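Take a look at the structure set out below.
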Amino acid sequence: MSQVLPIDKRQLRACLLCSLIKNASQFRANGCENCEEILQMRGSMDRVSECTAAKFEGAIALMNPKDSWVARWQRIDKFQQGVYAIRVYGRIPEDVEDDLERRGIPYRPRDGTVQE
């Protein structure tokens with residue numbers, strides 16, 4: 001759990017796929033606990049820059065994802081405990097979108113542009 005929480009307030013970034021907030025150095029060291037299989041950020045600062053955004057709004061401290069109505073509302077109830085952005089501005093790289101499409105996983109940008 002400790003590597004999921006941001007270690008300080010500088011260089012905070014949010015994952016463009018799941019909206020997890022961590023420091024850039026934490027994403028480089030550990031990747032994204034929810035999306036590493038797809039985004040492969042561990043060890044690559046270039047990939048961290050492509051797959052995360054410094055521009056995001058709000059924060060949700062998620063302790064019990066399965067029991068949280070806020071987590072269900074934000075579609076983060078199946079993710080790890082941590083701090084999540086309410087909105088993240090930007091889009092994942094095209095190669096990641098293609099990979100998601102091949103896997104049959106729908107991509108919903110976290111900036112609120114896609115409504116159901």
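Every chain in the structure tokens takes a letter, A first, then B, and so on in the order presented; its residues are numbered from 1, and the ligands are numbered from 1 following the presented order.
Summary of the local environment: counting only C-alpha atoms, residues at most 8 Å from Arg87 in chain A, other than itself and those fewer than 6 positions away along its chain, are Ser19, Phe56, Glu57, Gly58, Arg110, Asp111 and Gly112 of chain A.
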- Message: Env of Glu37 in chain A: 12 Å cut, atoms = only C-alpha atoms, seq-sep filter 6 positions within chain, self excluded. Answer as a list in words.
- Response: Leu17, Asn30, Gly31, Val96, Asp99, Leu100 and Arg103 of chain A
- Task: Could you please determine the separation between CA of Tyr107 in chain A and CA of Leu62 in chain A in Å, to one decimal place?
- Result: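 Separation between CA of Tyr107 in chain A and CA of Leu62 in chain A: 21.8 Å.
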- Message: To one decimal place in Å, what is the distance between CA of Glu36 in chain A and CA of Tyr89 in chain A?
- Response: 19.6 Å
- Any idea what's packed within 10 Å of Arg10 in chain A, counting only C-alpha atoms, ignoring anything in its chain fewer than 5 positions away? Could you give it as JSON, numbers by chain? {"A": [22, 23, 24]}
Filtering to N, CA and C atoms, could you give me those residues as a PDB file, in the first residue's frame?
```pdb
ATOM      1  N   LYS A  22       0.142   9.336  -8.355  1.00  0.00           N
ATOM      2  CA  LYS A  22       1.424   9.086  -7.688  1.00  0.00           C
ATOM      3  C   LYS A  22       2.430  10.098  -8.227  1.00  0.00           C
ATOM      4  N   ASN A  23       3.636  10.095  -7.677  1.00  0.00           N
ATOM      5  CA  ASN A  23       4.719  10.918  -8.209  1.00  0.00           C
ATOM      6  C   ASN A  23       5.266  10.260  -9.461  1.00  0.00           C
ATOM      7  N   ALA A  24       5.849  11.062 -10.338  1.00  0.00           N
ATOM      8  CA  ALA A  24       6.452  10.531 -11.559  1.00  0.00           C
ATOM      9  C   ALA A  24       7.496   9.471 -11.222  1.00  0.00           C
TER      10      ALA A  24
END
```
- Item | Length of the CA of Lys78 in chain A to CA of Ile21 in chain A vector [Å] |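 About the pair CA of Lys78 in chain A and CA of Ile21 in chain A: they are 15.9 Å apart.
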- Within chain A, find each residue whose DSSP state, derived from the backbone, is strand (DSSP E), and express the selection as a list in words.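 Those in chain A that DSSP calls strand (DSSP E) are Leu12, Arg13, Ala14, Cys15, Ile21, Lys22, Asn23, Thr52, Ala53, Phe56, Glu57, Ile60, Ala61, Leu62, Gly82, Val83, Tyr84, Arg87 and Val88 of chain A.
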Output file for the selection above: N, CA, C and O atoms, as a PDB file, in the first residue's frame:
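And here is the file that came out, result_29.pdb:
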```pdb
ATOM      1  N   LEU A  12       3.225  15.382  -9.006  1.00  0.00           N
ATOM      2  CA  LEU A  12       2.119  14.432  -8.997  1.00  0.00           C
ATOM      3  C   LEU A  12       1.599  14.256 -10.411  1.00  0.00           C
ATOM      4  O   LEU A  12       1.487  15.203 -11.182  1.00  0.00           O
ATOM      5  N   ARG A  13       1.273  13.019 -10.746  1.00  0.00           N
ATOM      6  CA  ARG A  13       0.727  12.687 -12.060  1.00  0.00           C
ATOM      7  C   ARG A  13      -0.388  11.667 -11.844  1.00  0.00           C
ATOM      8  O   ARG A  13      -0.400  10.948 -10.850  1.00  0.00           O
ATOM      9  N   ALA A  14      -1.318  11.633 -12.781  1.00  0.00           N
ATOM     10  CA  ALA A  14      -2.424  10.681 -12.704  1.00  0.00           C
ATOM     11  C   ALA A  14      -2.375   9.768 -13.927  1.00  0.00           C
ATOM     12  O   ALA A  14      -2.145  10.228 -15.043  1.00  0.00           O
ATOM     13  N   CYS A  15      -2.595   8.498 -13.711  1.00  0.00           N
ATOM     14  CA  CYS A  15      -2.629   7.518 -14.800  1.00  0.00           C
ATOM     15  C   CYS A  15      -3.795   7.861 -15.728  1.00  0.00           C
ATOM     16  O   CYS A  15      -4.920   8.098 -15.268  1.00  0.00           O
ATOM     17  N   ILE A  21      -3.182   8.431  -8.710  1.00  0.00           N
ATOM     18  CA  ILE A  21      -2.251   9.553  -8.541  1.00  0.00           C
ATOM     19  C   ILE A  21      -1.026   9.086  -7.767  1.00  0.00           C
ATOM     20  O   ILE A  21      -1.144   8.515  -6.681  1.00  0.00           O
ATOM     21  N   LYS A  22       0.142   9.336  -8.355  1.00  0.00           N
ATOM     22  CA  LYS A  22       1.424   9.086  -7.688  1.00  0.00           C
ATOM     23  C   LYS A  22       2.430  10.098  -8.227  1.00  0.00           C
ATOM     24  O   LYS A  22       2.127  10.844  -9.147  1.00  0.00           O
ATOM     25  N   ASN A  23       3.636  10.095  -7.677  1.00  0.00           N
ATOM     26  CA  ASN A  23       4.719  10.918  -8.209  1.00  0.00           C
ATOM     27  C   ASN A  23       5.266  10.260  -9.461  1.00  0.00           C
ATOM     28  O   ASN A  23       5.209   9.042  -9.611  1.00  0.00           O
ATOM     29  N   THR A  52       0.680   9.168 -18.320  1.00  0.00           N
ATOM     30  CA  THR A  52       0.150   9.878 -17.160  1.00  0.00           C
ATOM     31  C   THR A  52       0.018  11.357 -17.517  1.00  0.00           C
ATOM     32  O   THR A  52       0.571  11.806 -18.511  1.00  0.00           O
ATOM     33  N   ALA A  53      -0.705  12.090 -16.702  1.00  0.00           N
ATOM     34  CA  ALA A  53      -0.891  13.527 -16.948  1.00  0.00           C
ATOM     35  C   ALA A  53      -0.704  14.300 -15.655  1.00  0.00           C
ATOM     36  O   ALA A  53      -1.114  13.851 -14.581  1.00  0.00           O
ATOM     37  N   PHE A  56      -4.921  17.296 -13.732  1.00  0.00           N
ATOM     38  CA  PHE A  56      -6.078  16.522 -13.262  1.00  0.00           C
ATOM     39  C   PHE A  56      -6.826  17.343 -12.226  1.00  0.00           C
ATOM     40  O   PHE A  56      -6.313  18.328 -11.708  1.00  0.00           O
ATOM     41  N   GLU A  57      -8.061  16.925 -11.932  1.00  0.00           N
ATOM     42  CA  GLU A  57      -8.903  17.630 -10.959  1.00  0.00           C
ATOM     43  C   GLU A  57      -9.314  16.691  -9.840  1.00  0.00           C
ATOM     44  O   GLU A  57      -9.650  15.535 -10.093  1.00  0.00           O
ATOM     45  N   ILE A  60      -9.604  11.440  -4.733  1.00  0.00           N
ATOM     46  CA  ILE A  60     -10.401  10.526  -3.923  1.00  0.00           C
ATOM     47  C   ILE A  60      -9.427   9.587  -3.222  1.00  0.00           C
ATOM     48  O   ILE A  60      -8.623   8.933  -3.891  1.00  0.00           O
ATOM     49  N   ALA A  61      -9.469   9.539  -1.902  1.00  0.00           N
ATOM     50  CA  ALA A  61      -8.669   8.574  -1.150  1.00  0.00           C
ATOM     51  C   ALA A  61      -9.515   7.315  -1.017  1.00  0.00           C
ATOM     52  O   ALA A  61     -10.526   7.311  -0.327  1.00  0.00           O
ATOM     53  N   LEU A  62      -9.113   6.266  -1.694  1.00  0.00           N
ATOM     54  CA  LEU A  62      -9.908   5.043  -1.773  1.00  0.00           C
ATOM     55  C   LEU A  62      -9.317   3.973  -0.866  1.00  0.00           C
ATOM     56  O   LEU A  62      -8.215   3.486  -1.110  1.00  0.00           O
ATOM     57  N   GLY A  82      -5.787   3.468  -2.943  1.00  0.00           N
ATOM     58  CA  GLY A  82      -4.874   4.540  -3.301  1.00  0.00           C
ATOM     59  C   GLY A  82      -5.603   5.858  -3.442  1.00  0.00           C
ATOM     60  O   GLY A  82      -6.762   5.996  -3.052  1.00  0.00           O
ATOM     61  N   VAL A  83      -4.925   6.829  -4.030  1.00  0.00           N
ATOM     62  CA  VAL A  83      -5.492   8.153  -4.269  1.00  0.00           C
ATOM     63  C   VAL A  83      -5.743   8.279  -5.765  1.00  0.00           C
ATOM     64  O   VAL A  83      -4.840   8.033  -6.574  1.00  0.00           O
ATOM     65  N   TYR A  84      -6.975   8.649  -6.135  1.00  0.00           N
ATOM     66  CA  TYR A  84      -7.390   8.707  -7.530  1.00  0.00           C
ATOM     67  C   TYR A  84      -7.896  10.095  -7.890  1.00  0.00           C
ATOM     68  O   TYR A  84      -8.551  10.754  -7.081  1.00  0.00           O
ATOM     69  N   ARG A  87     -10.953  13.703 -12.408  1.00  0.00           N
ATOM     70  CA  ARG A  87     -10.819  13.877 -13.858  1.00  0.00           C
ATOM     71  C   ARG A  87      -9.344  13.978 -14.202  1.00  0.00           C
ATOM     72  O   ARG A  87      -8.580  14.611 -13.487  1.00  0.00           O
ATOM     73  N   VAL A  88      -8.974  13.351 -15.315  1.00  0.00           N
ATOM     74  CA  VAL A  88      -7.600  13.414 -15.808  1.00  0.00           C
ATOM     75  C   VAL A  88      -7.658  13.884 -17.253  1.00  0.00           C
ATOM     76  O   VAL A  88      -8.390  13.315 -18.064  1.00  0.00           O
TER      77      VAL A  88
END
```
- Message: Ranking A:Met63, A:Ile105, A:Leu16, A:Gly90 by minimum distance to Asp77 in chain A and counting only C-alpha atoms, which one comes first?
- Response: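 Of A:Met63, A:Ile105, A:Leu16, A:Gly90, the one nearest Asp77 in chain A, counting only C-alpha atoms, is A:Met63.
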- Message: Using only C-alpha atoms for the distances, tell me which of A:Val48, A:Val70, A:Ala54, A:Ile38 is nearest to Ser25 in chain A.
- Response: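 Counting only C-alpha atoms, the residue closest to Ser25 in chain A is A:Val48.
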